[in-house]
file entry_1.txt (compact mmCIF, C-alpha atoms and all ligand atoms)
# COMPACT_ATOMS: atom_id res chain seq x y z
CA MET O 1 -36.63 -31.80 19.17
CA GLN O 2 -38.44 -31.30 15.85
CA ARG O 3 -40.85 -28.82 17.50
CA PHE O 4 -37.87 -26.90 18.93
CA LEU O 5 -36.29 -26.66 15.45
CA VAL O 6 -39.55 -25.36 13.92
CA LEU O 7 -39.93 -22.73 16.66
CA ALA O 8 -36.27 -21.73 16.34
CA ALA O 9 -36.65 -21.32 12.58
CA LEU O 10 -39.74 -19.15 13.09
CA ALA O 11 -38.29 -17.07 15.92
CA PRO O 12 -37.37 -13.51 14.89
CA ALA O 13 -33.78 -12.29 15.23
CA ALA O 14 -32.91 -10.44 18.47
CA SER O 15 -32.82 -7.11 16.60
CA ALA O 16 -36.09 -7.80 14.74
CA LEU O 17 -38.49 -4.90 14.29
CA LYS O 18 -41.70 -5.25 16.26
CA VAL O 19 -44.89 -4.72 14.28
CA THR O 20 -48.45 -4.94 15.56
CA VAL O 21 -51.13 -5.63 12.97
CA LEU O 22 -54.66 -4.51 13.82
CA GLY O 23 -57.08 -6.85 12.04
CA GLY O 24 -54.36 -9.46 11.45
CA SER O 25 -56.95 -12.25 11.27
CA GLY O 26 -58.67 -10.74 8.20
CA PHE O 27 -58.27 -11.19 4.45
CA VAL O 28 -55.67 -8.40 4.07
CA GLY O 29 -54.31 -8.33 7.63
CA SER O 30 -53.39 -12.04 7.59
CA ARG O 31 -51.25 -11.53 4.45
CA VAL O 32 -49.65 -8.49 6.10
CA CYS O 33 -48.75 -10.69 9.10
CA LYS O 34 -47.29 -13.35 6.79
CA SER O 35 -45.21 -10.78 4.84
CA LEU O 36 -43.85 -9.41 8.12
CA VAL O 37 -43.03 -12.87 9.49
CA ASP O 38 -41.29 -13.72 6.19
CA ALA O 39 -39.25 -10.50 6.55
CA GLY O 40 -38.12 -11.52 10.06
CA ALA O 41 -40.27 -9.11 12.10
CA GLU O 42 -41.73 -9.89 15.53
CA VAL O 43 -45.49 -9.75 14.93
CA ILE O 44 -48.54 -9.29 17.19
CA SER O 45 -52.05 -9.35 15.72
CA VAL O 46 -54.89 -7.61 17.56
CA SER O 47 -58.42 -8.31 16.36
CA SER O 48 -61.88 -8.75 17.80
CA SER O 49 -61.77 -12.56 17.56
CA GLY O 50 -58.08 -13.01 18.36
CA ALA O 51 -58.21 -16.01 16.02
CA ALA O 52 -55.40 -17.13 13.72
CA PRO O 53 -56.67 -17.19 10.09
CA SER O 54 -55.37 -20.71 9.39
CA ARG O 55 -53.08 -23.42 10.72
CA GLU O 56 -50.29 -22.63 8.27
CA GLU O 57 -46.78 -22.83 9.72
CA TRP O 58 -46.13 -19.07 9.68
CA THR O 59 -49.14 -18.41 11.95
CA LYS O 60 -47.18 -20.02 14.83
CA ALA O 61 -44.76 -17.08 14.73
CA VAL O 62 -47.54 -14.51 15.40
CA ASP O 63 -48.93 -13.62 18.83
CA TRP O 64 -52.72 -13.59 18.17
CA ARG O 65 -54.40 -11.26 20.66
CA LYS O 66 -58.09 -10.55 21.18
CA ASN O 67 -59.29 -6.97 21.65
CA ASN O 68 -62.24 -5.12 20.16
CA LEU O 69 -61.00 -1.61 19.34
CA LEU O 70 -64.47 -0.24 20.10
CA ARG O 71 -64.93 -1.84 23.53
CA GLY O 72 -63.27 -2.21 26.89
CA PRO O 73 -60.71 -0.17 28.83
CA ARG O 74 -58.24 1.74 26.66
CA GLU O 75 -55.36 0.59 28.89
CA GLN O 76 -56.08 -2.99 27.81
CA LEU O 77 -55.91 -1.97 24.17
CA VAL O 78 -52.57 -0.20 24.70
CA GLU O 79 -51.27 -3.27 26.52
CA ALA O 80 -52.45 -5.57 23.71
CA MET O 81 -50.38 -3.52 21.23
CA GLY O 82 -47.11 -4.57 22.94
CA GLN O 83 -44.17 -2.21 22.35
CA PRO O 84 -44.25 -1.87 18.58
CA ASP O 85 -41.89 0.03 16.30
CA ALA O 86 -44.77 0.19 13.82
CA VAL O 87 -48.48 -0.55 13.66
CA VAL O 88 -50.41 -1.59 10.54
CA SER O 89 -54.20 -1.34 10.56
CA ALA O 90 -56.25 -3.49 8.22
CA VAL O 91 -59.35 -3.00 10.38
CA GLY O 92 -62.50 -2.07 8.54
CA VAL O 93 -66.09 -3.08 7.89
CA ILE O 94 -68.15 -2.78 4.72
CA GLY O 95 -71.92 -2.47 4.81
CA PHE O 96 -74.96 -0.31 4.32
CA ASP O 97 -75.41 0.71 7.95
CA VAL O 98 -74.04 4.27 8.09
CA GLN O 99 -73.45 4.31 11.84
CA GLY O 100 -71.82 0.87 11.82
CA SER O 101 -69.51 1.94 8.99
CA LEU O 102 -68.50 5.14 10.76
CA LEU O 103 -67.74 3.16 13.92
CA GLY O 104 -66.05 0.19 12.25
CA ASN O 105 -63.86 2.26 9.95
CA GLY O 106 -63.57 5.69 11.57
CA VAL O 107 -63.81 5.31 15.34
CA ALA O 108 -62.11 1.88 15.47
CA ASN O 109 -59.05 3.14 13.60
CA ALA O 110 -58.96 6.43 15.52
CA GLU O 111 -58.85 4.38 18.75
CA GLY O 112 -56.22 2.10 17.21
CA ALA O 113 -54.06 5.10 16.29
CA LYS O 114 -54.33 6.65 19.77
CA ALA O 115 -53.40 3.36 21.42
CA ALA O 116 -50.51 2.81 18.96
CA LYS O 117 -49.14 6.23 19.81
CA ALA O 118 -49.49 5.53 23.54
CA ALA O 119 -47.67 2.22 23.03
CA GLY O 120 -44.74 4.09 21.46
CA ALA O 121 -45.09 3.23 17.75
CA ALA O 122 -43.12 5.53 15.44
CA ARG O 123 -44.83 4.44 12.21
CA PHE O 124 -48.48 3.80 11.37
CA VAL O 125 -49.65 2.18 8.15
CA TYR O 126 -53.35 2.16 7.29
CA VAL O 127 -55.10 0.13 4.60
CA SER O 128 -57.65 2.66 3.39
CA VAL O 129 -59.43 2.88 0.02
CA ALA O 130 -58.47 4.29 -3.42
CA SER O 131 -59.36 7.94 -4.05
CA ASP O 132 -61.04 6.92 -7.35
CA VAL O 133 -63.47 4.81 -5.31
CA THR O 134 -64.02 7.56 -2.72
CA ASN O 135 -64.62 10.11 -5.50
CA ALA O 136 -67.44 7.93 -6.86
CA LYS O 137 -69.42 8.04 -3.61
CA GLY O 138 -71.82 10.61 -5.06
CA TRP O 139 -72.93 7.92 -7.53
CA LEU O 140 -74.19 5.73 -4.67
CA PRO O 141 -76.37 8.17 -2.70
CA LEU O 142 -79.16 5.74 -1.78
CA TRP O 143 -77.12 2.78 -0.68
CA GLY O 144 -75.98 4.06 2.72
CA ILE O 145 -72.43 3.30 1.68
CA GLY O 146 -71.38 6.89 2.40
CA GLY O 147 -70.58 5.91 5.99
CA TYR O 148 -67.80 3.67 4.68
CA PHE O 149 -66.07 6.52 2.84
CA ASP O 150 -66.65 9.04 5.64
CA GLY O 151 -65.28 6.48 8.11
CA LYS O 152 -62.14 6.03 5.99
CA ALA O 153 -61.64 9.82 5.82
CA GLN O 154 -62.11 10.12 9.61
CA ALA O 155 -59.62 7.32 10.17
CA GLU O 156 -56.98 8.95 7.95
CA GLN O 157 -57.42 12.30 9.72
CA ALA O 158 -57.23 10.72 13.19
CA ILE O 159 -54.03 8.86 12.21
CA LEU O 160 -52.46 12.11 10.98
CA ASP O 161 -53.59 13.91 14.16
CA ALA O 162 -51.95 11.24 16.35
CA GLY O 163 -48.56 12.60 15.19
CA PHE O 164 -46.50 9.54 14.23
CA LYS O 165 -42.99 10.06 12.82
CA ALA O 166 -44.14 8.40 9.60
CA THR O 167 -47.58 7.56 8.25
CA THR O 168 -48.44 5.59 5.12
CA PHE O 169 -51.91 5.22 3.65
CA VAL O 170 -52.23 2.25 1.30
CA ARG O 171 -55.31 2.94 -0.82
CA PRO O 172 -56.44 -0.07 -2.88
CA SER O 173 -59.40 -0.23 -5.23
CA PHE O 174 -60.77 -3.80 -5.30
CA ILE O 175 -58.51 -6.43 -3.70
CA TYR O 176 -58.41 -10.01 -5.02
CA GLY O 177 -56.64 -13.14 -3.88
CA GLY O 178 -56.90 -16.55 -2.27
CA ASP O 179 -58.74 -19.56 -3.65
CA SER O 180 -62.40 -18.66 -3.40
CA PHE O 181 -65.15 -16.34 -4.57
CA GLY O 182 -67.58 -14.57 -2.24
CA LEU O 183 -70.48 -12.15 -2.46
CA PHE O 184 -70.44 -10.38 0.91
CA PRO O 185 -67.83 -9.16 1.33
CA PRO O 186 -67.09 -9.42 -2.40
CA ARG O 187 -64.05 -11.63 -3.14
CA VAL O 188 -62.59 -13.03 -6.34
CA ASN O 189 -59.82 -15.61 -6.44
CA ALA O 190 -56.21 -15.01 -7.45
CA ALA O 191 -56.39 -16.50 -10.97
CA TYR O 192 -59.54 -14.61 -11.98
CA GLY O 193 -58.40 -11.36 -10.31
CA SER O 194 -55.01 -11.51 -12.00
CA ALA O 195 -56.70 -11.94 -15.41
CA VAL O 196 -58.88 -8.87 -14.79
CA GLU O 197 -55.89 -6.88 -13.51
CA GLU O 198 -53.87 -7.71 -16.64
CA LEU O 199 -56.78 -6.80 -18.93
CA LEU O 200 -57.60 -3.49 -17.19
CA SER O 201 -53.92 -2.49 -17.00
CA ALA O 202 -53.72 -2.33 -20.84
CA GLY O 203 -52.86 1.20 -22.07
CA PRO O 204 -56.08 1.93 -24.02
CA ILE O 205 -58.28 0.82 -21.11
CA VAL O 206 -56.30 2.93 -18.64
CA ALA O 207 -56.68 5.94 -20.99
CA LEU O 208 -60.43 5.30 -21.28
CA ALA O 209 -60.79 5.00 -17.50
CA ASN O 210 -58.88 8.24 -17.00
CA ALA O 211 -61.42 10.03 -19.20
CA LEU O 212 -64.54 8.56 -17.57
CA PRO O 213 -66.28 9.88 -14.44
CA GLY O 214 -67.31 8.29 -11.14
CA LEU O 215 -68.31 4.64 -11.04
CA LEU O 216 -67.47 4.12 -14.73
CA LYS O 217 -63.86 5.01 -13.93
CA VAL O 218 -63.88 2.70 -10.88
CA ALA O 219 -65.30 -0.19 -12.92
CA LEU O 220 -62.35 0.03 -15.33
CA ARG O 221 -59.60 0.45 -12.74
CA PRO O 222 -57.47 -2.69 -12.33
CA PRO O 223 -57.98 -4.59 -9.07
CA VAL O 224 -54.91 -5.31 -6.94
CA SER O 225 -53.61 -8.56 -5.53
CA VAL O 226 -53.86 -9.03 -1.75
CA ASP O 227 -50.18 -10.01 -1.81
CA ALA O 228 -49.25 -6.63 -3.32
CA VAL O 229 -51.30 -4.74 -0.71
CA ALA O 230 -49.70 -6.80 2.06
CA GLY O 231 -46.20 -6.41 0.61
CA ALA O 232 -46.57 -2.63 0.35
CA ALA O 233 -48.01 -2.34 3.88
CA ALA O 234 -45.24 -4.54 5.32
CA ALA O 235 -42.51 -2.56 3.50
CA ALA O 236 -43.92 0.69 4.89
CA ALA O 237 -44.11 -0.78 8.41
CA LEU O 238 -40.48 -1.91 8.19
CA GLY O 239 -39.38 1.60 7.16
CA LYS O 240 -38.43 0.53 3.63
CA LEU O 241 -40.70 3.09 1.91
CA ASP O 242 -40.77 6.88 1.95
CA ALA O 243 -44.22 7.23 0.40
CA SER O 244 -46.95 8.65 2.61
CA VAL O 245 -49.73 7.64 0.17
CA LEU O 246 -49.94 4.66 -2.20
CA ASP O 247 -53.12 5.32 -4.15
CA GLY O 248 -54.34 2.68 -6.60
CA THR O 249 -52.96 -0.50 -8.14
CA PRO O 250 -49.84 0.79 -10.01
CA ALA O 251 -48.48 2.66 -6.94
CA ILE O 252 -49.14 -0.33 -4.65
CA ASN O 253 -47.59 -2.81 -7.09
CA GLU O 254 -44.49 -0.67 -7.47
CA ALA O 255 -44.04 -0.28 -3.70
CA ALA O 256 -44.46 -4.04 -3.20
CA GLY O 257 -42.20 -4.99 -6.14
CA GLN O 258 -45.15 -7.02 -7.40
CA PRO O 259 -44.56 -8.71 -10.78
CA LYS O 260 -46.96 -7.79 -13.61
CA ALA O 261 -50.28 -9.67 -13.51
CA THR O 262 -50.28 -12.50 -16.06
CA GLY O 263 -53.63 -14.17 -15.35
CA LEU O 264 -55.09 -13.37 -18.77
CA SER O 265 -52.00 -14.49 -20.70
CA ASP O 266 -51.84 -17.65 -18.57
CA PHE O 267 -55.49 -18.40 -19.37
CA ILE O 268 -55.05 -17.82 -23.13
CA ASN O 269 -51.87 -19.92 -23.21
CA GLY O 270 -53.65 -22.68 -21.29
CA VAL O 271 -56.49 -22.72 -23.85
CA LYS O 272 -53.99 -22.76 -26.74
CA ASP O 273 -52.12 -25.69 -25.15
CA LYS O 274 -55.38 -27.63 -24.71
CA LEU O 275 -56.42 -26.96 -28.33
CA SER O 276 -53.07 -28.01 -29.73
CA SER O 277 -52.95 -31.21 -27.66
CA ALA O 278 -56.57 -31.99 -28.70
CA THR O 279 -55.72 -31.57 -32.40
CA ALA O 280 -52.33 -33.38 -32.18
N1 LIG O 301 -61.29 -6.30 0.36
C1 LIG O 301 -61.28 -5.29 -0.52
O1 LIG O 301 -61.56 -5.44 -1.73
C2 LIG O 301 -60.89 -3.90 -0.04
C3 LIG O 301 -60.77 -2.87 -0.96
C4 LIG O 301 -60.36 -1.61 -0.53
C5 LIG O 301 -60.09 -1.39 0.81
N2 LIG O 301 -60.22 -2.42 1.70
C6 LIG O 301 -59.93 -2.16 3.11
O2 LIG O 301 -58.94 -3.06 3.57
C7 LIG O 301 -59.15 -3.30 4.96
C8 LIG O 301 -59.12 -4.80 5.22
O3 LIG O 301 -60.17 -5.41 4.47
P1 LIG O 301 -60.40 -6.98 4.54
O4 LIG O 301 -61.05 -7.35 3.26
O5 LIG O 301 -59.14 -7.66 4.97
O6 LIG O 301 -61.46 -7.08 5.73
P2 LIG O 301 -61.78 -8.35 6.66
O7 LIG O 301 -61.34 -9.62 6.07
O8 LIG O 301 -63.20 -8.21 7.04
O9 LIG O 301 -60.88 -8.11 7.95
C9 LIG O 301 -61.17 -7.11 8.88
C10 LIG O 301 -60.30 -7.32 10.11
O10 LIG O 301 -60.61 -6.27 11.03
C11 LIG O 301 -60.89 -6.83 12.30
N3 LIG O 301 -61.84 -5.96 12.98
C12 LIG O 301 -62.98 -5.40 12.48
N4 LIG O 301 -63.54 -4.61 13.41
C13 LIG O 301 -62.76 -4.68 14.51
C14 LIG O 301 -62.81 -4.10 15.80
N5 LIG O 301 -63.81 -3.28 16.17
N6 LIG O 301 -61.84 -4.39 16.69
C15 LIG O 301 -60.83 -5.23 16.36
N7 LIG O 301 -60.73 -5.82 15.16
C16 LIG O 301 -61.68 -5.54 14.25
C17 LIG O 301 -61.47 -8.20 12.02
O11 LIG O 301 -61.26 -8.98 13.17
P3 LIG O 301 -61.97 -10.42 13.45
O12 LIG O 301 -61.88 -11.19 12.15
O13 LIG O 301 -61.13 -11.01 14.52
O14 LIG O 301 -63.37 -10.13 13.83
C18 LIG O 301 -60.57 -8.63 10.83
O15 LIG O 301 -59.36 -9.14 11.34
C19 LIG O 301 -60.47 -2.66 5.33
O16 LIG O 301 -60.23 -1.44 5.97
C20 LIG O 301 -61.13 -2.45 4.00
O17 LIG O 301 -62.01 -1.35 4.01
C21 LIG O 301 -60.61 -3.66 1.31
call {"tool": "encode", "arguments": {"input": "entry_1.txt", "output": "structure tokens", "more": "lines below"}}
Ligand SMILES: NC(=O)c1ccc[n+]([C@@H]2O[C@H](COP(=O)([O-])OP(=O)(O)OC[C@H]3O[C@@H](n4cnc5c(N)ncnc54)[C@H](OP(=O)(O)O)[C@@H]3O)[C@@H](O)[C@H]2O)c1
result
Amino acid sequence: MQRFLVLAALAPAASALKVTVLGGSGFVGSRVCKSLVDAGAEVISVSSSGAAPSREEWTKAVDWRKNNLLRGPREQLVEAMGQPDAVVSAVGVIGFDVQGSLLGNGVANAEGAKAAKAAGAARFVYVSVASDVTNAKGWLPLWGIGGYFDGKAQAEQAILDAGFKATTFVRPSFIYGGDSFGLFPPRVNAAYGSAVEELLSAGPIVALANALPGLLKVALRPPVSVDAVAGAAAAAALGKLDASVLDGTPAINEAAGQPKATGLSDFINGVKDKLSSATA
């Protein structure tokens, strides 16, 4: 009985929009799935592992499907998509292998877009990368990272060429969130990331970043919360946004209705509270 009530509470309404998330098991894609479930959508995730990212309650409302966008018959990929109103892709790889980056970002998303179109999706939302970061690629000539940016550009072009009724590119700089830090891929947790976002969103720092070139500009751009990226991608998938491009933290935050980052203020207030209770 209790299991029935949980499933009933998680079941989408009969008129729910259907959204398929490519890469729904990943850092960004899993939050996109959660945002969509919270908004009442019927959600399928397609990823190479087919694994749910956690055992949290909302994951039971998602149909986790396994399909590698780069392998196997295309008919199977189209079938795995279901019959979506919209598709969100958070598929990507980061690395220094040029060919792997072109495949994992460019070809994988081009195949995803073709299959989404064949499955009847009207909207396609792609989590790409901020133009400030792309514009700094000339500063990293020896690192083989160019394949990442070229792959992103190929993916965007292939998605446009597929001819959806609406297309949204969400272009984040650095994305933070969750509870942990990591080196590869680089991750910083929500509290630390929010503090850096608040600091780098201050007017004088934004003005300085605007005036600086390449990687110096990128280093001073505020990072964006994974919840904001997911919220913006979900809103676009559900047809709640007109924007075709959300480039950088302020545009993504606005689209997601994300409250201002307060991590730095929270930290300073916490220190003040500790000092005053120590001296009381
Ligand atoms: N994280 C950042 O700071 C950042 C910044 C700017 C842009 N982005 C972009 O945001 C997107 C998502 O990043 P993320 O950090 O969430 O990455 P992530 O955690 O590595 O997730 C990638 C997802 O893509 C899936 N995937 C990869 N190759 C696939 C393939 N060939 N076929 C099917 N599924 C495949 C993975 O599936 P499995 O897990 O099942 O293998 C996983 O679900 C990427 O395009 C990335 O470039 C990220």
call {"tool": "residues_near_ligand", "arguments": {"input": "entry_1.txt", "ligand": "ligand LIG 301 (chain O)", "cutoff": "7 Å", "atoms": "only C-alpha atoms and all ligand atoms", "output": "number ranges by chain"}}
result
O: 22-29, 46-51, 67-70, 90-94, 104-105, 108, 127-130, 171-176, 186-187
call {"tool": "atom_distance", "arguments": {"input": "entry_1.txt", "atom1": "atom CA of O:Val245", "atom2": "atom CA of O:Ala219"}}
result
21.8 Å
call {"tool": "closest_residue", "arguments": {"input": "entry_1.txt", "among": "O:Ala256, O:Ala162, O:Val43, O:Ala209", "to": "O:Gly231", "atoms": "all atoms listed in the file"}}
result
O:Ala256
call {"tool": "closest_residue", "arguments": {"input": "entry_1.txt", "among": "O:Gln258, O:Asn109, O:Asp242, O:Asn135", "to": "O:Val88", "atoms": "all atoms listed in the file"}}
result
O:Asn109
call {"tool": "residues_around", "arguments": {"input": "entry_1.txt", "residues": "O:Trp58", "least_positions_apart": "4", "cutoff": "9 Å", "atoms": "all atoms listed in the file", "output": "list in words"}}
result
Leu10, Cys33, Lys34, Val37, Asp38 and Val62 of chain O
call {"tool": "residues_around", "arguments": {"input": "entry_1.txt", "residues": "O:Gly147", "least_positions_apart": "4", "cutoff": "7 Å", "atoms": "only C-alpha atoms", "output": "list in words"}}
result
Val98, Gln99, Ser101, Leu102 and Gly151 of chain O
call {"tool": "closest_residue", "arguments": {"input": "entry_1.txt", "among": "O:Asp85, O:Ala116, O:Glu57, O:Asp179", "to": "O:Ser15", "atoms": "all atoms listed in the file"}}
result
O:Asp85
call {"tool": "atom_distance", "arguments": {"input": "entry_1.txt", "atom1": "atom CA of O:Gln157", "atom2": "atom CA of O:Ala119"}}
result
19.3 Å
call {"tool": "closest_residue", "arguments": {"input": "entry_1.txt", "among": "O:Gly257, O:Ala280, O:Leu264, O:Asp132", "to": "O:Leu220", "atoms": "all atoms listed in the file"}}
result
O:Asp132
call {"tool": "atom_distance", "arguments": {"input": "entry_1.txt", "atom1": "atom CA of O:Glu197", "atom2": "atom CA of O:Thr262"}}
result
8.3 Å
call {"tool": "residues_near_point", "arguments": {"input": "entry_1.txt", "point": "(-57.4, -4.4, -16.7)", "cutoff": "10 Å", "atoms": "all atoms listed in the file", "output": "list of chain:residue names"}}
result
O:Gly193, O:Ser194, O:Ala195, O:Val196, O:Glu197, O:Glu198, O:Leu199, O:Leu200, O:Ser201, O:Ala202, O:Gly203, O:Pro204, O:Ile205, O:Val206, O:Ala219, O:Leu220, O:Arg221, O:Pro222, O:Pro223, O:Ala261, O:Leu264
call {"tool": "closest_residue", "arguments": {"input": "entry_1.txt", "among": "O:Leu216, O:Val125, O:Arg74, O:Asp97", "to": "O:Ala166", "atoms": "all atoms listed in the file"}}
result
O:Val125
call {"tool": "closest_residue", "arguments": {"input": "entry_1.txt", "among": "O:Gly178, O:Gly214, O:Gly239, O:Gly248", "to": "O:Arg123", "atoms": "only C-alpha atoms"}}
result
O:Gly239
call {"tool": "residues_around", "arguments": {"input": "entry_1.txt", "residues": "O:Ile145", "least_positions_apart": "3", "cutoff": "7 Å", "atoms": "all atoms listed in the file", "output": "number ranges by chain"}}
result
O: 95-96, 98, 148
call {"tool": "write_last_selection", "arguments": {"input": "entry_1.txt", "atoms": "C-alpha atoms", "output": "CSV table (one decimal), keeping the file's coordinate frame"}}
result
chain,number,residue,atom,x,y,z
O,95,GLY,CA,-71.9,-2.5,4.8
O,96,PHE,CA,-75.0,-0.3,4.3
O,98,VAL,CA,-74.0,4.3,8.1
O,148,TYR,CA,-67.8,3.7,4.7
call {"tool": "decode", "arguments": {"input": "entry_1.txt", "residues": "stretch 118-176 of chain O", "atoms": "C-alpha atoms", "output": "PDB file, in the first residue's frame"}}
result
ATOM      1  CA  ALA O 118      13.379  10.985 -35.757  1.00  0.00           C
ATOM      2  CA  ALA O 119      11.591  10.316 -32.451  1.00  0.00           C
ATOM      3  CA  GLY O 120       9.426  13.403 -33.025  1.00  0.00           C
ATOM      4  CA  ALA O 121      10.848  15.895 -30.499  1.00  0.00           C
ATOM      5  CA  ALA O 122       9.860  19.514 -31.166  1.00  0.00           C
ATOM      6  CA  ARG O 123      12.415  21.093 -28.814  1.00  0.00           C
ATOM      7  CA  PHE O 124      16.089  20.356 -28.205  1.00  0.00           C
ATOM      8  CA  VAL O 125      18.085  21.822 -25.342  1.00  0.00           C
ATOM      9  CA  TYR O 126      21.862  21.397 -25.265  1.00  0.00           C
ATOM     10  CA  VAL O 127      24.216  22.055 -22.360  1.00  0.00           C
ATOM     11  CA  SER O 128      27.181  23.521 -24.206  1.00  0.00           C
ATOM     12  CA  VAL O 129      29.932  25.835 -22.925  1.00  0.00           C
ATOM     13  CA  ALA O 130      30.185  29.624 -22.378  1.00  0.00           C
ATOM     14  CA  SER O 131      31.477  31.673 -25.314  1.00  0.00           C
ATOM     15  CA  ASP O 132      34.021  33.350 -22.987  1.00  0.00           C
ATOM     16  CA  VAL O 133      35.557  29.912 -22.391  1.00  0.00           C
ATOM     17  CA  THR O 134      35.456  28.989 -26.095  1.00  0.00           C
ATOM     18  CA  ASN O 135      37.064  32.328 -27.001  1.00  0.00           C
ATOM     19  CA  ALA O 136      40.007  31.508 -24.719  1.00  0.00           C
ATOM     20  CA  LYS O 137      40.884  28.318 -26.599  1.00  0.00           C
ATOM     21  CA  GLY O 138      43.784  30.041 -28.352  1.00  0.00           C
ATOM     22  CA  TRP O 139      45.426  30.389 -24.920  1.00  0.00           C
ATOM     23  CA  LEU O 140      45.577  26.599 -24.550  1.00  0.00           C
ATOM     24  CA  PRO O 141      47.202  25.530 -27.841  1.00  0.00           C
ATOM     25  CA  LEU O 142      49.392  22.742 -26.452  1.00  0.00           C
ATOM     26  CA  TRP O 143      46.913  21.003 -24.227  1.00  0.00           C
ATOM     27  CA  GLY O 144      44.867  19.200 -26.889  1.00  0.00           C
ATOM     28  CA  ILE O 145      41.769  20.755 -25.370  1.00  0.00           C
ATOM     29  CA  GLY O 146      40.794  22.261 -28.735  1.00  0.00           C
ATOM     30  CA  GLY O 147      38.852  19.087 -29.560  1.00  0.00           C
ATOM     31  CA  TYR O 148      36.472  19.896 -26.708  1.00  0.00           C
ATOM     32  CA  PHE O 149      35.601  23.325 -28.114  1.00  0.00           C
ATOM     33  CA  ASP O 150      35.453  22.111 -31.718  1.00  0.00           C
ATOM     34  CA  GLY O 151      33.210  19.246 -30.578  1.00  0.00           C
ATOM     35  CA  LYS O 152      30.858  21.705 -28.847  1.00  0.00           C
ATOM     36  CA  ALA O 153      30.695  23.863 -31.991  1.00  0.00           C
ATOM     37  CA  GLN O 154      29.992  20.785 -34.152  1.00  0.00           C
ATOM     38  CA  ALA O 155      27.264  19.696 -31.752  1.00  0.00           C
ATOM     39  CA  GLU O 156      25.558  23.112 -31.826  1.00  0.00           C
ATOM     40  CA  GLN O 157      25.655  23.184 -35.638  1.00  0.00           C
ATOM     41  CA  ALA O 158      24.293  19.635 -35.946  1.00  0.00           C
ATOM     42  CA  ILE O 159      21.438  20.488 -33.544  1.00  0.00           C
ATOM     43  CA  LEU O 160      20.545  23.574 -35.606  1.00  0.00           C
ATOM     44  CA  ASP O 161      20.754  21.522 -38.829  1.00  0.00           C
ATOM     45  CA  ALA O 162      18.337  18.920 -37.423  1.00  0.00           C
ATOM     46  CA  GLY O 163      15.578  21.557 -37.704  1.00  0.00           C
ATOM     47  CA  PHE O 164      13.717  21.455 -34.379  1.00  0.00           C
ATOM     48  CA  LYS O 165      10.862  23.929 -33.804  1.00  0.00           C
ATOM     49  CA  ALA O 166      12.838  25.383 -30.904  1.00  0.00           C
ATOM     50  CA  THR O 167      16.461  25.026 -29.853  1.00  0.00           C
ATOM     51  CA  THR O 168      18.119  26.342 -26.693  1.00  0.00           C
ATOM     52  CA  PHE O 169      21.839  26.304 -25.996  1.00  0.00           C
ATOM     53  CA  VAL O 170      22.666  26.655 -22.301  1.00  0.00           C
ATOM     54  CA  ARG O 171      26.289  27.793 -22.166  1.00  0.00           C
ATOM     55  CA  PRO O 172      27.798  27.642 -18.660  1.00  0.00           C
ATOM     56  CA  SER O 173      31.325  28.586 -17.664  1.00  0.00           C
ATOM     57  CA  PHE O 174      32.400  26.467 -14.663  1.00  0.00           C
ATOM     58  CA  ILE O 175      29.585  24.544 -12.953  1.00  0.00           C
ATOM     59  CA  TYR O 176      29.657  23.880  -9.188  1.00  0.00           C
TER      60      TYR O 176
END
